[in-house]
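coords.txt follows; it contains compact mmCIF, C-alpha atoms.
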# COMPACT_ATOMS: atom_id res chain seq x y z
CA MET A 1 0.00 0.00 0.00
CA LYS A 2 2.77 2.27 0.90
CA LEU A 3 4.55 1.30 -2.20
CA THR A 4 1.43 1.86 -4.24
CA PHE A 5 0.91 5.29 -2.72
CA GLN A 6 4.47 6.21 -3.37
CA ARG A 7 4.12 5.17 -6.97
CA THR A 8 0.69 6.73 -7.43
CA LEU A 9 1.52 10.07 -5.87
CA PRO A 10 4.04 11.08 -8.46
CA LEU A 11 1.67 9.97 -11.19
CA ALA A 12 -1.20 11.91 -9.70
CA SER A 13 1.06 14.87 -9.26
CA LEU A 14 2.06 14.73 -12.84
CA VAL A 15 -1.55 14.58 -14.01
CA LEU A 16 -2.48 17.47 -11.72
CA LEU A 17 0.49 19.51 -12.77
CA SER A 18 -0.18 18.94 -16.44
CA GLN A 19 -3.83 19.96 -15.98
CA LEU A 20 -2.73 23.10 -14.12
CA ALA A 21 -0.29 23.80 -16.84
CA LEU A 22 -3.00 23.50 -19.47
CA VAL A 23 -5.31 25.76 -17.50
CA GLY A 24 -2.51 28.23 -17.18
CA CYS A 25 -2.00 28.26 -20.88
CA GLY A 26 -5.68 28.44 -21.62
CA PRO A 27 -6.10 32.13 -22.28
CA LYS A 28 -3.00 32.27 -24.42
CA ASP A 29 -4.09 29.25 -26.37
CA ALA A 30 -7.55 30.70 -26.71
CA ASP A 31 -6.11 33.94 -28.04
CA THR A 32 -3.98 32.03 -30.43
CA ALA A 33 -6.96 30.01 -31.52
CA ASN A 34 -8.99 33.15 -32.07
CA SER A 35 -6.22 34.65 -34.04
CA GLY A 36 -6.05 31.43 -35.93
CA ASN A 37 -9.71 31.65 -36.68
CA MET A 38 -9.27 35.17 -37.96
CA SER A 39 -6.69 34.06 -40.34
CA GLY A 40 -7.32 30.45 -40.93
CA GLY A 41 -10.09 28.98 -38.80
CA ASP A 42 -12.71 29.37 -41.49
CA ASN A 43 -10.90 29.05 -44.76
CA SER A 44 -13.68 30.44 -46.85
CA VAL A 45 -13.79 33.77 -45.03
CA ALA A 46 -11.01 34.14 -42.53
CA THR A 47 -8.17 33.58 -45.00
CA THR A 48 -9.01 36.81 -46.74
CA ALA A 49 -6.71 38.90 -44.61
CA PRO A 50 -5.79 42.06 -46.49
CA GLY A 51 -2.38 40.81 -47.60
CA GLN A 52 -3.74 37.45 -48.64
CA ALA A 53 -6.63 39.07 -50.49
CA ALA A 54 -4.22 41.21 -52.40
CA GLU A 55 -2.12 38.17 -53.20
CA ASN A 56 -5.16 36.23 -54.36
CA ALA A 57 -6.23 39.15 -56.50
CA ALA A 58 -2.76 39.37 -57.93
CA ASN A 59 -2.81 35.66 -58.67
CA SER A 60 -6.16 35.99 -60.39
CA ALA A 61 -4.91 38.93 -62.38
CA GLY A 62 -1.79 37.00 -63.23
CA ASN A 63 -3.85 34.08 -64.46
CA ALA A 64 -6.02 36.40 -66.51
CA VAL A 65 -2.96 37.98 -68.06
CA GLY A 66 -1.48 34.56 -68.65
CA ASN A 67 -4.67 33.38 -70.34
CA ALA A 68 -4.83 36.53 -72.44
CA ALA A 69 -1.22 36.04 -73.41
CA ASN A 70 -1.94 32.45 -74.38
CA SER A 71 -4.85 33.61 -76.50
CA ALA A 72 -2.67 36.24 -78.12
CA GLY A 73 0.00 33.62 -78.68
CA ASN A 74 -2.51 31.34 -80.35
CA ALA A 75 -3.75 34.21 -82.46
CA VAL A 76 -0.21 34.97 -83.54
CA GLY A 77 0.38 31.30 -84.17
CA ASN A 78 -2.73 31.09 -86.34
CA ALA A 79 -1.84 34.32 -88.11
CA ALA A 80 1.58 32.88 -88.87
CA ASP A 81 -0.13 30.29 -91.05
CA LYS A 82 -1.70 33.03 -93.18
CA VAL A 83 1.36 34.94 -94.30
CA THR A 84 0.91 37.04 -97.43
CA ASN A 85 2.97 36.56 -100.58
CA ALA A 86 5.14 39.48 -99.52
CA GLY A 87 5.53 37.87 -96.12
CA VAL A 88 6.64 34.59 -97.71
CA THR A 89 9.17 36.45 -99.85
CA ALA A 90 10.49 38.20 -96.75
CA LYS A 91 10.78 34.95 -94.80
CA ILE A 92 12.67 33.23 -97.61
CA LYS A 93 14.97 36.20 -98.22
CA ASN A 94 15.69 36.38 -94.48
CA ALA A 95 16.53 32.66 -94.41
CA LEU A 96 18.80 33.06 -97.45
CA ILE A 97 20.59 36.03 -95.86
CA MET A 98 21.05 34.22 -92.56
CA SER A 99 22.38 31.02 -94.14
CA THR A 100 26.01 30.35 -93.34
CA VAL A 101 26.20 27.90 -96.25
CA LEU A 102 25.24 30.60 -98.74
CA GLY A 103 27.32 33.29 -97.09
CA GLY A 104 27.15 36.58 -98.96
CA ALA A 105 25.48 34.94 -101.96
CA GLY A 106 22.18 34.63 -100.12
CA LYS A 107 21.83 38.38 -99.90
CA LYS A 108 22.01 38.71 -103.70
CA LEU A 109 19.30 36.20 -104.56
CA ASN A 110 15.88 37.33 -105.67
CA VAL A 111 12.62 35.78 -104.58
CA ASN A 112 9.23 36.32 -106.15
CA THR A 113 6.13 34.82 -104.57
CA THR A 114 2.70 34.33 -106.07
CA ASP A 115 -0.30 32.50 -104.63
CA THR A 116 0.93 29.24 -106.12
CA GLU A 117 4.64 29.59 -106.72
CA VAL A 118 7.90 30.82 -105.26
CA MET A 119 10.56 31.69 -107.82
CA VAL A 120 14.16 31.82 -106.64
CA MET A 121 16.51 33.63 -109.00
CA GLY A 122 20.16 34.57 -109.08
CA THR A 123 23.62 33.07 -108.99
CA VAL A 124 25.14 30.79 -106.38
CA PRO A 125 28.80 29.72 -106.26
CA THR A 126 28.44 25.98 -105.62
CA ALA A 127 26.07 23.05 -105.96
CA ALA A 128 25.87 22.91 -102.17
CA ALA A 129 24.78 26.54 -102.06
CA HIS A 130 22.21 25.80 -104.75
CA ALA A 131 20.78 22.92 -102.74
CA GLU A 132 20.73 25.02 -99.59
CA ALA A 133 18.86 27.88 -101.29
CA ILE A 134 16.19 25.57 -102.64
CA LYS A 135 15.88 23.79 -99.31
CA LEU A 136 15.34 27.12 -97.50
CA ALA A 137 12.83 28.26 -100.09
CA LYS A 138 10.83 25.04 -99.75
CA ALA A 139 10.96 25.24 -95.96
CA ASN A 140 9.27 28.66 -96.03
CA ALA A 141 7.05 28.39 -99.11
CA GLY A 142 4.14 26.66 -97.41
CA THR A 143 2.03 24.92 -100.04
CA ARG A 144 3.50 26.92 -102.93
CA LYS A 145 5.65 25.23 -105.56
CA VAL A 146 9.29 26.33 -105.58
CA VAL A 147 10.56 27.16 -109.08
CA ASP A 148 14.32 27.01 -109.38
CA HIS A 149 15.82 29.75 -111.53
CA LEU A 150 19.22 29.63 -109.86
CA GLU A 151 22.44 29.42 -111.76
CA VAL A 152 25.59 27.87 -110.35
CA LYS A 153 28.53 30.02 -111.36
CA LYS A 154 31.80 30.69 -109.61
CA MET B 1 30.61 46.86 -79.40
CA ASN B 2 28.74 49.01 -76.88
CA ILE B 3 25.83 51.30 -77.58
CA GLN B 4 25.36 54.68 -75.92
CA ILE B 5 22.11 56.58 -76.19
CA GLN B 6 22.54 60.32 -75.81
CA GLY B 7 25.95 59.63 -74.25
CA GLN B 8 24.58 57.19 -71.69
CA ASP B 9 25.63 53.55 -71.59
CA SER B 10 22.91 51.10 -72.53
CA THR B 11 22.42 47.34 -72.37
CA ILE B 12 21.50 47.16 -76.05
CA GLU B 13 23.22 44.22 -77.72
CA THR B 14 25.01 44.48 -81.02
CA LYS B 15 26.12 42.01 -83.64
CA ASP B 16 28.47 42.33 -86.51
CA ARG B 17 27.39 40.98 -89.85
CA ASP B 18 29.50 41.39 -92.97
CA GLY B 19 31.25 44.36 -91.37
CA THR B 20 27.98 46.09 -90.48
CA THR B 21 26.97 46.72 -86.87
CA TYR B 22 23.43 45.62 -86.15
CA VAL B 23 21.22 46.51 -83.18
CA PRO B 24 17.87 45.05 -82.14
CA LEU B 25 15.21 47.32 -83.60
CA LEU B 26 12.71 47.11 -80.74
CA ASP B 27 15.21 47.68 -77.93
CA THR B 28 16.88 50.57 -79.70
CA VAL B 29 13.66 52.29 -80.75
CA LYS B 30 12.34 51.97 -77.20
CA ALA B 31 15.57 53.40 -75.80
CA LEU B 32 15.03 56.38 -78.07
CA GLY B 33 11.49 56.83 -76.76
CA GLY B 34 9.60 55.15 -79.58
CA ASP B 35 7.78 51.89 -80.17
CA VAL B 36 7.59 49.14 -82.77
CA LYS B 37 4.54 47.31 -84.09
CA TRP B 38 4.90 44.02 -85.93
CA ASP B 39 2.77 43.08 -88.94
CA ASN B 40 3.12 39.32 -88.91
CA LEU B 41 1.16 38.73 -92.13
CA ASN B 42 3.54 40.83 -94.19
CA LYS B 43 6.62 40.49 -91.94
CA ILE B 44 6.90 44.23 -91.61
CA ALA B 45 7.99 46.30 -88.62
CA VAL B 46 6.55 49.78 -88.12
CA ALA B 47 8.96 51.71 -85.93
CA THR B 48 7.72 55.04 -84.64
CA ILE B 49 9.84 57.65 -82.89
CA GLY B 50 8.01 60.90 -82.37
CA GLN B 51 6.48 62.01 -85.65
CA TRP B 52 8.67 59.69 -87.73
CA VAL B 53 7.21 56.38 -88.81
CA ALA B 54 9.60 53.94 -90.49
CA THR B 55 8.19 50.87 -92.20
CA VAL B 56 10.77 48.11 -92.65
CA ALA B 57 10.19 44.70 -94.15
CA MET B 58 12.07 41.63 -93.03
CA ALA B 59 15.21 41.14 -95.16
CA ALA B 60 14.82 44.52 -96.86
CA GLU B 61 17.63 47.06 -97.21
CA GLU B 62 15.21 49.90 -97.45
CA ALA B 63 12.47 51.55 -95.49
CA ASP B 64 9.66 53.98 -96.00
CA VAL B 65 9.89 56.90 -93.59
CA ASN B 66 6.83 59.13 -93.67
CA GLY B 67 6.56 58.47 -97.40
CA THR B 68 10.25 58.93 -98.16
CA HIS B 69 12.26 55.99 -99.50
CA VAL B 70 15.41 55.36 -97.45
CA THR B 71 18.11 52.75 -98.06
CA PHE B 72 20.65 51.53 -95.54
CA ASP B 73 23.83 49.49 -95.48
CA GLY B 74 22.48 46.00 -94.91
CA PRO B 75 19.21 44.11 -94.80
CA ALA B 76 17.01 44.14 -91.71
CA ILE B 77 17.27 40.57 -90.51
CA VAL B 78 15.11 38.53 -88.19
CA GLU B 79 16.83 36.15 -85.85
CA ALA B 80 15.26 34.38 -82.87
CA ASN B 81 12.02 36.33 -83.38
CA GLN B 82 13.81 39.65 -83.17
CA MET B 83 14.40 42.13 -85.97
CA TRP B 84 17.91 43.56 -86.22
CA ALA B 85 18.72 46.66 -88.21
CA PRO B 86 22.03 48.27 -89.16
CA VAL B 87 22.78 50.93 -86.57
CA ARG B 88 23.05 53.48 -89.41
CA PHE B 89 19.33 52.93 -89.96
CA PHE B 90 18.75 55.35 -87.09
CA GLU B 91 20.77 57.98 -88.86
CA LYS B 92 19.11 57.60 -92.24
CA ALA B 93 15.56 57.03 -91.04
CA TYR B 94 15.30 59.40 -88.09
CA GLY B 95 18.22 61.77 -88.42
CA TYR B 96 20.08 60.64 -85.31
CA ARG B 97 23.81 61.17 -85.25
CA VAL B 98 25.54 57.77 -85.17
CA GLU B 99 29.20 58.03 -84.19
CA LEU B 100 31.75 55.31 -83.63
CA ASN B 101 34.32 55.95 -80.89
CA GLY B 102 36.59 52.94 -80.40
CA ASP B 103 34.28 50.05 -79.53
CA THR B 104 31.36 52.31 -78.67
CA VAL B 105 28.62 53.55 -80.96
CA ASN B 106 26.90 56.68 -79.70
CA ILE B 107 23.43 57.48 -80.97
CA THR B 108 22.49 61.07 -80.26
CA ASN B 109 19.75 63.42 -81.25
CA PRO B 110 21.47 66.40 -82.86
CA ALA B 111 18.58 68.60 -81.83
CA SER B 112 19.14 67.93 -78.15
CA ALA B 113 22.95 67.78 -78.21

Please rewrite the model in this file as structure tokens.
Amino acid sequence: MKLTFQRTLPLASLVLLSQLALVGCGPKDADTANSGNMSGGDNSVATTAPGQAAENAANSAGNAVGNAANSAGNAVGNAADKVTNAGVTAKIKNALIMSTVLGGAGKKLNVNTTDTEVMVMGTVPTAAAHAEAIKLAKANAGTRKVVDHLEVKK
Amino acid sequence: MNIQIQGQDSTIETKDRDGTTYVPLLDTVKALGGDVKWDNLNKIAVATIGQWVATVAMAAEEADVNGTHVTFDGPAIVEANQMWAPVRFFEKAYGYRVELNGDTVNITNPASA
């Protein structure tokens, strides 16, 4: 019995002390909980603290901008498929100018685009340059037929 | 090569092509207080600085500036979705003074110098 009491007393003391400790922390915990409720207790309402609201609004705005940008990107992408004849000529001439295989010869070539054909005219120094010019023209001609009026001359 | 705008250093890139110094059209026009619109159907850039409107087609060595035909010393090229123009374009199209000092090109407005 004595042994039991000696063993029980510390246990009881611990329980009592822990309860007192909890009671002592009660108001602080309650305050914390209230604060928590203000900011996060009810997610649907309480999370809209001013800073968070601004962030959410910014996120929404960002998404809207992102969506608008995507739409614009798609529009540009679609528009890219409907390049005019002049646009096709420009694209091919740009590719010819930028070609390292053609070098300076690319700048001197002429391109004429109609609704059905792309004519490439001028002089290239090598067979490799000739092949490159035609390849670039075909790559940018869309559905148009590429007509080769190039001359290989050193 | 470095680019100065009105004597101030800029972050505008340059590239050399066949001995001609090129600058990105959009960045340079914006640094000079203008803007550029892109006509994707015709592959034409419309670069406006103040009252001057220059229309430049991709791969062309010429531009229309308020109805006046202007030629420059290399074609306007498009690389990585960006149009590049010879730096002298800004002299011929808009009347800027383009001066080379060592490895720096200074673009200045003679009216405000």

List as a Markdown table every residue of chain B that is in contact with chain A, defined as an atom at most 8 Å from one of its atoms (using all atoms listed in the file), together with the nearest atom pair and the distance in Å rounded to one decimal, sorted by chain and then rising number.
| residue | atom | partner | partner_atom | distance |
| --- | --- | --- | --- | --- |
| B:Asn40 | CA | A:Ala80 | CA | 6.6 |
| B:Leu41 | CA | A:Val83 | CA | 4.4 |
| B:Asn42 | CA | A:Gly87 | CA | 4.1 |
| B:Lys43 | CA | A:Gly87 | CA | 5.1 |
| B:Ile44 | CA | A:Gly87 | CA | 7.9 |
| B:Ala57 | CA | A:Ala90 | CA | 7.0 |
| B:Met58 | CA | A:Ala90 | CA | 5.3 |
| B:Ala59 | CA | A:Asn94 | CA | 4.8 |
| B:Ala60 | CA | A:Ala90 | CA | 7.7 |
| B:Ile77 | CA | A:Asn94 | CA | 6.0 |
| B:Val78 | CA | A:Asn94 | CA | 6.7 |

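Interatomic distance, atom CA of Gly50 of chain B to atom CA of Glu91 of chain B: 14.6 Å.
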
Problem - Val46 of chain B environment, 7 Å, only C-alpha atoms, sequence neighbours closer than 3 positions dropped, as a PyMOL selection string - result: chain B and resi 36-38+53-56

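Atom CA of Ala128 of chain A is positioned 9.6 Å from atom CA of Val152 of chain A.
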
Handout entry: All residues 12 Å or closer to Ala127 of chain A, all atoms listed in the file, same chain fewer than 2 positions away omitted, as number ranges by chain
Key = A: 101-102, 123-125, 129-134, 150-154

Resulting file, chosen residues, C-alpha atoms, as a compact mmCIF listing (two decimals), in the frame of the given file:
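Listing of result06.txt after writing:
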# COMPACT_ATOMS: atom_id res chain seq x y z
CA VAL A 101 26.20 27.90 -96.25
CA LEU A 102 25.24 30.60 -98.74
CA THR A 123 23.62 33.07 -108.99
CA VAL A 124 25.14 30.79 -106.38
CA PRO A 125 28.80 29.72 -106.26
CA ALA A 129 24.78 26.54 -102.06
CA HIS A 130 22.21 25.80 -104.75
CA ALA A 131 20.78 22.92 -102.74
CA GLU A 132 20.73 25.02 -99.59
CA ALA A 133 18.86 27.88 -101.29
CA ILE A 134 16.19 25.57 -102.64
CA LEU A 150 19.22 29.63 -109.86
CA GLU A 151 22.44 29.42 -111.76
CA VAL A 152 25.59 27.87 -110.35
CA LYS A 153 28.53 30.02 -111.36
CA LYS A 154 31.80 30.69 -109.61

Practice task
Find the residues around Thr48 of chain B up to 12 Å (all atoms listed in the file counted), leave out those fewer than 6 positions away in its own chain, and share them as an MDAnalysis selection string.
Solution key: chainID B and resid 25:26 28:38 54:56 64:66 90 93:94

Problem - atom CA of Asp39 of chain B to atom CA of Met121 of chain A, straight-line distance in Å - result: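 These atoms are spaced 26.1 Å apart.
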
Exercise for the section: Measuring atom to atom with only C-alpha atoms, identify which of B:Asp103, B:Glu79, B:Ile49, B:Ala85 is nearest to Glu62 of chain B. Expected result: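 The shortest atom-to-atom distance to Glu62 of chain B comes from B:Ala85.
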
Exercise for the section: Using only C-alpha atoms, find the one residue out of B:Val105, B:Tyr22, B:Val70, B:Gln8 that sits nearest to Met83 of chain B. Expected result: B:Tyr22

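Proximity to Asp73 of chain B was assessed for B:Glu61, B:Thr104, B:Asn2, B:Arg97 counting all atoms listed in the file; the smallest distance is recorded for B:Glu61.
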
Problem - Selection: 12 Å around Thr20 of chain B, only C-alpha atoms, excl. self and same-chain fewer than 3 positions, as a count of residues only - result: 17

Shell of 6 Å around segment 108-118 of chain A, only C-alpha atoms, local chain residues under 4 positions omitted, as a JSON list (two decimals) with C-alpha atoms, keeping the file's coordinate frame:
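Okay, this is what ended up in part26.json:
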[["chain", "number", "residue", "atom", "x", "y", "z"],
["A", 85, "ASN", "CA", 2.97, 36.56, -100.58],
["A", 89, "THR", "CA", 9.17, 36.45, -99.85],
["A", 122, "GLY", "CA", 20.16, 34.57, -109.08],
["A", 144, "ARG", "CA", 3.50, 26.92, -102.93],
["A", 145, "LYS", "CA", 5.65, 25.23, -105.56],
["A", 146, "VAL", "CA", 9.29, 26.33, -105.58],
["A", 147, "VAL", "CA", 10.56, 27.16, -109.08]]
